[in-house]
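Coordinates from my_file-v2.cif are shown below (mmCIF, C-alpha atoms and all ligand atoms).
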data_data
loop_
_atom_site.label_atom_id
_atom_site.label_comp_id
_atom_site.auth_asym_id
_atom_site.auth_seq_id
_atom_site.Cartn_x
_atom_site.Cartn_y
_atom_site.Cartn_z
CA MET Y 1371 -48.22 33.41 -12.36
CA THR Y 1372 -47.96 29.93 -13.75
CA PRO Y 1373 -47.39 27.32 -11.05
CA THR Y 1374 -43.93 25.73 -10.92
CA PRO Y 1375 -44.23 22.45 -12.83
CA ALA Y 1376 -43.76 19.31 -10.76
CA PRO Y 1377 -40.49 17.55 -11.69
CA ARG Y 1378 -41.08 14.61 -13.99
CA ILE Y 1379 -37.74 13.04 -13.13
CA ARG Y 1380 -37.15 12.39 -9.45
CA PRO Y 1381 -33.81 10.71 -8.59
CA ARG Y 1382 -34.73 11.10 -4.92
CA ARG Y 1383 -37.19 8.18 -5.27
CA LEU Y 1384 -34.35 5.70 -5.00
CA ARG Y 1385 -33.01 7.39 -1.88
CA GLU Y 1386 -36.24 7.03 0.07
CA THR Y 1387 -35.35 4.21 2.50
CA PRO Y 1388 -32.17 2.53 3.78
CA ALA Y 1389 -33.22 -0.72 2.10
CA LEU Y 1390 -33.69 0.94 -1.27
CA ARG Y 1391 -30.44 2.85 -0.97
CA ARG Y 1392 -28.67 -0.39 -0.17
CA LEU Y 1393 -30.22 -2.12 -3.16
CA VAL Y 1394 -29.10 0.54 -5.65
CA SER Y 1395 -25.65 1.13 -4.15
CA GLU Y 1396 -22.99 1.05 -6.86
CA THR Y 1397 -20.00 0.44 -4.61
CA ARG Y 1398 -19.84 -2.09 -1.82
CA LEU Y 1399 -16.95 -2.78 0.46
CA ASP Y 1400 -15.73 -6.29 1.10
CA PRO Y 1401 -13.08 -7.26 3.68
CA ALA Y 1402 -11.47 -9.49 1.04
CA ASP Y 1403 -10.59 -6.36 -0.97
CA LEU Y 1404 -8.62 -4.80 1.87
CA VAL Y 1405 -4.91 -5.14 2.54
CA LEU Y 1406 -3.36 -4.22 5.90
CA PRO Y 1407 0.12 -2.66 5.82
CA MET Y 1408 2.15 -3.77 8.87
CA PHE Y 1409 5.45 -2.59 10.34
CA VAL Y 1410 7.80 -5.02 12.06
CA ARG Y 1411 10.66 -3.68 14.12
CA GLU Y 1412 13.90 -5.46 14.70
CA GLY Y 1413 14.99 -5.86 18.30
CA ALA Y 1414 11.87 -4.43 19.92
CA SER Y 1415 10.70 -6.11 23.10
CA ALA Y 1416 7.13 -4.82 22.88
CA PRO Y 1417 5.00 -3.22 20.13
CA VAL Y 1418 5.88 0.47 19.72
CA PRO Y 1419 3.05 2.94 19.01
CA ILE Y 1420 3.58 5.33 16.09
CA GLY Y 1421 2.74 8.82 17.33
CA SER Y 1422 1.57 10.27 14.02
CA MET Y 1423 -0.53 7.16 13.25
CA PRO Y 1424 -2.70 6.61 16.33
CA GLY Y 1425 -3.76 2.98 16.55
CA VAL Y 1426 -0.87 1.72 14.38
CA VAL Y 1427 2.18 0.09 15.95
CA GLN Y 1428 5.55 -1.26 14.99
CA HIS Y 1429 5.15 -4.94 15.71
CA THR Y 1430 7.71 -7.25 17.21
CA LEU Y 1431 8.31 -10.71 15.84
CA ASP Y 1432 6.33 -11.91 18.86
CA SER Y 1433 3.30 -9.67 18.38
CA LEU Y 1434 3.13 -10.21 14.63
CA PRO Y 1435 1.52 -13.69 14.52
CA GLN Y 1436 -1.51 -12.68 16.59
CA ALA Y 1437 -1.97 -9.50 14.54
CA VAL Y 1438 -1.86 -11.52 11.32
CA ALA Y 1439 -4.35 -13.99 12.78
CA ASP Y 1440 -6.64 -11.11 13.80
CA ALA Y 1441 -6.53 -9.69 10.27
CA ALA Y 1442 -7.34 -13.11 8.85
CA ALA Y 1443 -10.19 -13.57 11.32
CA ALA Y 1444 -11.63 -10.22 10.23
CA GLY Y 1445 -11.62 -11.48 6.64
CA VAL Y 1446 -8.94 -9.09 5.40
CA GLY Y 1447 -7.54 -10.19 2.04
CA GLY Y 1448 -3.86 -9.70 2.72
CA VAL Y 1449 -1.10 -8.00 4.64
CA MET Y 1450 1.79 -5.94 3.30
CA LEU Y 1451 4.92 -6.15 5.45
CA PHE Y 1452 7.49 -3.42 6.04
CA GLY Y 1453 10.69 -4.01 8.00
CA VAL Y 1454 12.24 -1.55 10.45
CA PRO Y 1455 15.88 -2.61 10.80
CA GLU Y 1456 18.13 -1.74 13.73
CA VAL Y 1457 21.11 -0.97 11.53
CA ARG Y 1458 21.18 0.81 8.17
CA ASP Y 1459 23.94 1.31 5.63
CA ALA Y 1460 24.47 2.86 2.20
CA ARG Y 1461 23.52 -0.29 0.28
CA GLY Y 1462 20.61 -1.32 2.44
CA SER Y 1463 22.28 -4.64 3.29
CA GLY Y 1464 19.51 -5.68 5.67
CA ALA Y 1465 17.14 -5.98 2.74
CA THR Y 1466 19.07 -8.84 1.17
CA ASP Y 1467 20.04 -10.59 4.38
CA PRO Y 1468 17.96 -13.78 4.81
CA ASN Y 1469 18.05 -12.99 8.54
CA GLY Y 1470 17.10 -9.35 7.98
CA ILE Y 1471 13.96 -8.24 9.78
CA LEU Y 1472 11.66 -8.15 6.76
CA ASN Y 1473 12.62 -11.62 5.59
CA VAL Y 1474 12.32 -13.11 9.06
CA ALA Y 1475 8.97 -11.36 9.59
CA THR Y 1476 7.76 -12.78 6.29
CA ARG Y 1477 8.45 -16.33 7.43
CA VAL Y 1478 6.66 -15.64 10.70
CA ALA Y 1479 3.65 -14.07 8.96
CA VAL Y 1480 3.38 -16.87 6.39
CA GLU Y 1481 3.27 -19.42 9.17
CA ALA Y 1482 0.73 -17.42 11.20
CA SER Y 1483 -1.54 -16.87 8.21
CA ALA Y 1484 -1.77 -20.59 7.42
CA GLY Y 1485 -2.92 -19.65 3.94
CA SER Y 1486 -5.96 -17.69 5.11
CA LEU Y 1487 -4.70 -14.38 3.72
CA VAL Y 1488 -2.01 -13.29 1.28
CA VAL Y 1489 1.36 -12.32 2.76
CA GLN Y 1490 3.03 -9.60 0.70
CA THR Y 1491 6.22 -7.58 1.14
CA ASP Y 1492 7.37 -4.08 0.30
CA LEU Y 1493 10.30 -4.30 -2.08
CA CYS Y 1494 12.27 -1.08 -1.73
CA LEU Y 1495 15.52 -0.01 -0.11
CA ASP Y 1496 14.46 3.12 1.78
CA GLU Y 1497 13.80 1.36 5.07
CA PHE Y 1498 17.26 -0.18 4.89
CA THR Y 1499 19.52 2.65 3.66
CA ASP Y 1500 21.16 5.19 5.97
CA HIS Y 1501 20.49 8.00 3.46
CA GLY Y 1502 16.82 7.02 3.21
CA HIS Y 1503 16.63 6.77 -0.58
CA CYS Y 1504 14.86 3.97 -2.40
CA GLY Y 1505 18.04 3.00 -4.21
CA VAL Y 1506 21.81 3.08 -3.98
CA LEU Y 1507 23.69 6.30 -4.74
CA ASP Y 1508 26.40 6.93 -7.33
CA ALA Y 1509 29.61 8.89 -6.76
CA HIS Y 1510 27.67 12.15 -7.23
CA GLY Y 1511 25.00 11.27 -4.70
CA ARG Y 1512 22.37 10.55 -7.34
CA VAL Y 1513 20.12 7.52 -7.12
CA ASP Y 1514 21.72 5.05 -9.50
CA ASN Y 1515 18.90 3.37 -11.40
CA ASP Y 1516 20.66 0.35 -12.84
CA ALA Y 1517 22.82 -0.41 -9.81
CA THR Y 1518 19.62 -0.30 -7.76
CA LEU Y 1519 18.00 -2.89 -10.03
CA GLU Y 1520 20.68 -5.35 -8.98
CA ARG Y 1521 19.84 -4.74 -5.34
CA TYR Y 1522 16.13 -5.19 -6.09
CA THR Y 1523 16.63 -8.52 -7.83
CA SER Y 1524 18.60 -9.86 -4.85
CA MET Y 1525 15.94 -8.52 -2.51
CA ALA Y 1526 13.22 -10.16 -4.59
CA LEU Y 1527 14.86 -13.56 -4.37
CA GLU Y 1528 15.18 -13.34 -0.58
CA GLN Y 1529 11.56 -12.28 -0.23
CA ALA Y 1530 10.37 -15.07 -2.49
CA ARG Y 1531 12.45 -17.59 -0.55
CA ALA Y 1532 10.95 -16.30 2.68
CA GLY Y 1533 7.52 -17.10 1.28
CA SER Y 1534 6.16 -13.73 0.18
CA GLN Y 1535 3.48 -14.40 -2.41
CA VAL Y 1536 3.29 -10.88 -3.82
CA LEU Y 1537 6.27 -8.53 -4.06
CA GLY Y 1538 5.33 -4.86 -3.85
CA LEU Y 1539 7.86 -3.00 -5.99
CA SER Y 1540 7.68 0.53 -4.62
CA GLY Y 1541 11.02 2.04 -5.59
CA MET Y 1542 10.06 3.67 -8.91
CA MET Y 1543 13.25 2.66 -10.72
CA ASP Y 1544 12.95 2.31 -14.49
CA GLY Y 1545 12.89 -1.32 -15.56
CA GLN Y 1546 12.33 -2.71 -12.06
CA VAL Y 1547 9.40 -4.93 -12.98
CA ALA Y 1548 11.21 -6.53 -15.91
CA ALA Y 1549 14.40 -7.04 -13.89
CA VAL Y 1550 12.64 -8.63 -10.93
CA ARG Y 1551 10.42 -10.80 -13.14
CA GLU Y 1552 13.42 -12.14 -14.98
CA ALA Y 1553 15.34 -12.86 -11.77
CA LEU Y 1554 12.37 -14.65 -10.22
CA ASP Y 1555 11.74 -16.75 -13.31
CA ALA Y 1556 15.41 -17.66 -13.62
CA SER Y 1557 15.46 -19.08 -10.10
CA GLY Y 1558 12.31 -21.13 -9.92
CA HIS Y 1559 10.04 -18.44 -8.49
CA GLU Y 1560 7.79 -18.09 -11.50
CA HIS Y 1561 4.73 -18.28 -9.22
CA THR Y 1562 5.69 -15.25 -7.12
CA ALA Y 1563 3.55 -12.30 -8.23
CA ILE Y 1564 4.59 -8.70 -8.77
CA LEU Y 1565 2.53 -5.78 -7.52
CA ALA Y 1566 3.97 -2.69 -9.19
CA TYR Y 1567 3.54 0.60 -7.38
CA SER Y 1568 3.36 2.04 -10.86
CA ALA Y 1569 1.99 5.51 -10.37
CA LYS Y 1570 3.72 6.50 -7.18
CA TYR Y 1571 3.80 10.23 -6.66
CA ALA Y 1572 6.36 12.35 -4.77
CA SER Y 1573 3.87 13.09 -2.03
CA ALA Y 1574 3.73 14.96 1.26
CA PHE Y 1575 1.25 12.33 2.42
CA TYR Y 1576 4.02 9.82 3.16
CA GLY Y 1577 5.06 12.00 6.13
CA PRO Y 1578 3.95 9.76 9.01
CA PHE Y 1579 5.46 6.71 7.27
CA ARG Y 1580 8.90 8.18 7.93
CA GLU Y 1581 8.21 7.96 11.63
CA ALA Y 1582 6.75 4.48 11.22
CA VAL Y 1583 9.96 3.15 9.68
CA GLU Y 1584 12.25 5.58 11.54
CA SER Y 1585 13.79 6.71 8.30
CA THR Y 1586 15.36 10.08 7.61
CA LEU Y 1587 15.73 11.21 4.05
CA GLU Y 1588 18.55 13.26 2.61
CA GLY Y 1589 17.02 15.45 -0.08
CA ASP Y 1590 13.79 14.32 -1.70
CA ARG Y 1591 12.46 11.65 -4.06
CA ARG Y 1592 11.53 13.83 -7.01
CA THR Y 1593 14.05 12.28 -9.39
CA TYR Y 1594 12.18 8.96 -9.26
CA GLN Y 1595 8.66 9.45 -7.91
CA LEU Y 1596 6.11 11.19 -10.13
CA ASP Y 1597 5.37 14.91 -10.13
CA PRO Y 1598 1.97 15.38 -8.43
CA GLY Y 1599 0.80 17.49 -11.39
CA ASN Y 1600 1.17 14.70 -13.94
CA ARG Y 1601 -1.88 12.66 -14.85
CA ARG Y 1602 -0.93 11.24 -18.23
CA GLU Y 1603 2.42 10.10 -16.91
CA GLY Y 1604 0.73 8.07 -14.19
CA LEU Y 1605 -1.13 6.08 -16.81
CA ARG Y 1606 2.04 5.72 -18.85
CA GLU Y 1607 3.95 4.26 -15.89
CA ALA Y 1608 1.18 1.71 -15.31
CA MET Y 1609 1.17 0.68 -18.97
CA ILE Y 1610 4.96 0.25 -18.95
CA ASP Y 1611 4.74 -1.95 -15.85
CA ILE Y 1612 2.00 -4.12 -17.36
CA ASP Y 1613 4.15 -4.47 -20.44
CA GLU Y 1614 7.11 -5.53 -18.26
CA GLY Y 1615 5.01 -8.24 -16.62
CA ALA Y 1616 3.34 -6.68 -13.57
CA ASP Y 1617 0.54 -8.88 -12.24
CA ILE Y 1618 -1.12 -5.99 -10.41
CA VAL Y 1619 -0.57 -2.24 -10.76
CA MET Y 1620 -1.08 0.37 -8.08
CA VAL Y 1621 -1.72 4.08 -7.70
CA LYS Y 1622 -0.32 5.79 -4.61
CA PRO Y 1623 -1.36 7.86 -2.70
CA ALA Y 1624 -5.03 7.21 -3.35
CA GLY Y 1625 -7.20 10.11 -2.21
CA SER Y 1626 -5.49 12.93 -4.08
CA TYR Y 1627 -4.97 10.82 -7.22
CA LEU Y 1628 -8.43 9.43 -7.97
CA ASP Y 1629 -8.30 10.74 -11.53
CA VAL Y 1630 -5.12 8.75 -12.17
CA LEU Y 1631 -6.73 5.73 -10.56
CA ALA Y 1632 -9.78 6.03 -12.80
CA ASP Y 1633 -7.56 6.35 -15.89
CA VAL Y 1634 -5.52 3.29 -14.96
CA ALA Y 1635 -8.63 1.27 -14.08
CA ALA Y 1636 -10.15 2.07 -17.47
CA ALA Y 1637 -7.06 0.99 -19.39
CA SER Y 1638 -5.61 -1.87 -17.35
CA GLU Y 1639 -5.94 -5.54 -18.17
CA VAL Y 1640 -4.59 -6.52 -14.75
CA PRO Y 1641 -6.03 -5.76 -11.29
CA VAL Y 1642 -5.62 -2.16 -10.11
CA TRP Y 1643 -5.02 -1.38 -6.47
CA ALA Y 1644 -4.62 1.85 -4.54
CA TYR Y 1645 -2.71 2.70 -1.37
CA GLN Y 1646 -4.39 4.94 1.16
CA VAL Y 1647 -1.15 6.16 2.69
CA SER Y 1648 -0.01 7.18 6.16
CA GLY Y 1649 -0.83 10.88 5.74
CA GLU Y 1650 -4.35 10.13 4.55
CA TYR Y 1651 -4.78 8.01 7.66
CA ALA Y 1652 -3.27 10.64 9.97
CA MET Y 1653 -5.46 13.45 8.61
CA ILE Y 1654 -8.71 11.66 9.34
CA GLU Y 1655 -7.51 10.42 12.73
CA ALA Y 1656 -6.36 13.91 13.73
CA ALA Y 1657 -9.54 15.65 12.62
CA ALA Y 1658 -11.67 12.98 14.30
CA ALA Y 1659 -9.66 13.27 17.53
CA HIS Y 1660 -10.60 16.96 17.58
CA GLY Y 1661 -14.24 16.07 17.06
CA TRP Y 1662 -14.20 17.87 13.71
CA ILE Y 1663 -15.41 14.94 11.63
CA ASP Y 1664 -17.24 11.68 12.28
CA ARG Y 1665 -14.37 9.20 12.27
CA LYS Y 1666 -16.25 6.10 11.18
CA ARG Y 1667 -18.15 7.83 8.40
CA ALA Y 1668 -15.02 9.54 7.13
CA VAL Y 1669 -13.05 6.29 7.07
CA ILE Y 1670 -15.79 4.46 5.18
CA GLU Y 1671 -16.34 7.31 2.74
CA SER Y 1672 -12.63 7.66 2.02
CA VAL Y 1673 -12.23 3.96 1.17
CA ARG Y 1674 -15.49 3.78 -0.78
CA GLY Y 1675 -14.34 6.75 -2.84
CA ILE Y 1676 -11.16 4.90 -3.72
CA ARG Y 1677 -13.12 1.78 -4.70
CA ARG Y 1678 -15.62 3.88 -6.68
CA ALA Y 1679 -12.78 5.49 -8.66
CA GLY Y 1680 -11.73 2.02 -9.80
CA ALA Y 1681 -9.52 0.29 -7.25
CA ASP Y 1682 -10.11 -3.45 -7.08
CA ALA Y 1683 -8.42 -3.56 -3.69
CA VAL Y 1684 -7.22 -0.94 -1.22
CA LEU Y 1685 -4.23 -0.91 1.10
CA THR Y 1686 -5.39 0.85 4.23
CA TYR Y 1687 -4.23 1.04 7.84
CA TRP Y 1688 -7.91 0.75 8.83
CA ALA Y 1689 -8.28 -2.65 7.11
CA VAL Y 1690 -9.13 -4.69 10.22
CA GLU Y 1691 -11.48 -2.20 11.86
CA LEU Y 1692 -13.16 -1.48 8.54
CA ALA Y 1693 -13.54 -5.20 7.84
CA GLU Y 1694 -15.33 -5.57 11.16
CA TRP Y 1695 -17.70 -2.70 10.33
CA ILE Y 1696 -18.41 -4.25 6.94
CA ARG Y 1697 -19.17 -7.62 8.49
CA LYS Y 1698 -21.57 -5.99 10.94
CA GLY Y 1699 -23.34 -4.30 8.02
CA ASP Y 1700 -22.32 -0.84 9.18
CA ALA Y 1701 -20.24 0.22 6.22
CA ALA Y 1702 -22.69 0.99 3.42
C1 LIG L 1801 8.69 2.72 0.04
C2 LIG L 1801 7.33 3.03 0.53
C3 LIG L 1801 6.88 4.22 1.10
C4 LIG L 1801 5.55 4.01 1.44
C5 LIG L 1801 5.24 2.71 1.10
N1 LIG L 1801 6.34 2.12 0.52
C6 LIG L 1801 7.62 5.46 1.39
C7 LIG L 1801 8.00 6.36 0.29
O1 LIG L 1801 8.00 6.01 -0.87
O2 LIG L 1801 8.38 7.51 0.58
C8 LIG L 1801 4.65 5.02 2.06
C9 LIG L 1801 3.40 4.45 2.64
C10 LIG L 1801 2.67 5.38 3.50
O3 LIG L 1801 2.96 6.60 3.58
O4 LIG L 1801 1.71 4.92 4.15
N2 LIG L 1801 9.31 1.73 0.84
#
Please express what this file holds, its structure, as structure tokens.
Ligand code: PBG
Amino acid sequence: MTPTPAPRIRPRRLRETPALRRLVSETRLDPADLVLPMFVREGASAPVPIGSMPGVVQHTLDSLPQAVADAAAAGVGGVMLFGVPEVRDARGSGATDPNGILNVATRVAVEASAGSLVVQTDLCLDEFTDHGHCGVLDAHGRVDNDATLERYTSMALEQARAGSQVLGLSGMMDGQVAAVREALDASGHEHTAILAYSAKYASAFYGPFREAVESTLEGDRRTYQLDPGNRREGLREAMIDIDEGADIVMVKPAGSYLDVLADVAAASEVPVWAYQVSGEYAMIEAAAAHGWIDRKRAVIESVRGIRRAGADAVLTYWAVELAEWIRKGDAA
């Protein structure tokens, strides 16, 4: 019997101590690379907890400033605002009303942030329509792409006027980036940036978001959001949006689409972000609440995985808590 030869190559050497592991770590988290999505409800007298997203609330206009200040104090890079209107209609009128909840909340958040983080807004009609679709419908009940673009350009102007610095175009209409860019430039808002939710998939992981914005959907979104099986098409959508003038492109959801994220990160000349969505949040919270996984480790690992795959920044509902862990040195 010849003795088993000792390995000549030993990758375990660099895993020997915490200090060495820290030194060779390829992916670090930074609070500045995190964006906190926030919900703001019209007419609420106190923050309303969202059952399927433990720890996340619908803010009121009164609770919003402190929450924005807390995010800034934690070093979070930005917030992404979503409005929850009291009244909805077929056209999503609240979205283009300067006194609509999202536009008012934007003014409040901009003032509260005092420039210490970036205030951004979701630009989509689904929170504002009674049918729950991201656009307006034609006579046959189909989402009318080009009529929706007109709604988006009006919405963009109101959001820019309210002070949003980055508009998050999440509706997946063809030509939306070009249309909004042109409208902004034509009205003196050439400095307002566009974050294109370019590769946005028709995903089951948006489930808890419906509760968060109290929206019910007639049918589904498969005629505009991407088929979860399509990888090449995700890259194509990102390239189209860059071509149309997107300042940042995004992949969404994040965790189940890391291959798409890696593809986009390899090809993009603009920053690439990823959105860890409501269902990704809910799954970890639910499993942790049962004691089935270590909550803190799972949260950190999930966001590090998204950064490792190529996201320059991550939208995550854990942004503030995670930022605090990072600052304490707990998040390696
Ligand atoms: C569209 C929008 C949605 C989300 C963010 N922007 C809903 C959808 O497209 O169905 C989902 C975010 C999440 O699930 O956390 N306004």
request  = Show me which residues sit within 6 Å of ligand LIG 1801 (chain L) when counting all atoms listed in the file, and put them as a ChimeraX atom specification.
outcome  = /Y:1494,1496,1540,1576,1579,1647-1648
query = Within 10 Å of Y:Ile1670, counting only C-alpha atoms, which residues qualify if same-chain residues fewer than 5 places away don't, as a list in words?
reply = Leu1399, Arg1665, Gly1675, Trp1688, Leu1692, Trp1695, Ile1696, Asp1700, Ala1701 and Ala1702 of chain Y
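Shown here are all protein and nucleic acid residues lying within 6 Å of (6.5, -3.6, -4.4), with all atoms listed in the file considered: Asp1492, Leu1493, Leu1537, Gly1538, Leu1539, Ser1540, Leu1565, Ala1566 and Tyr1567 of chain Y.
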inquiry  = List the spatial neighbours of Y:Gly1447 as a ChimeraX atom specification - criterion: any atom at most 9 Å away, all atoms listed in the file, same-chain residues fewer than 2 positions off excluded.
reply    = /Y:1401-1406,1441-1442,1445,1449,1486-1488,1683
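Here atom CA of Y:Thr1491 stands at a distance of 20.2 Å from atom CA of Y:Ala1443.
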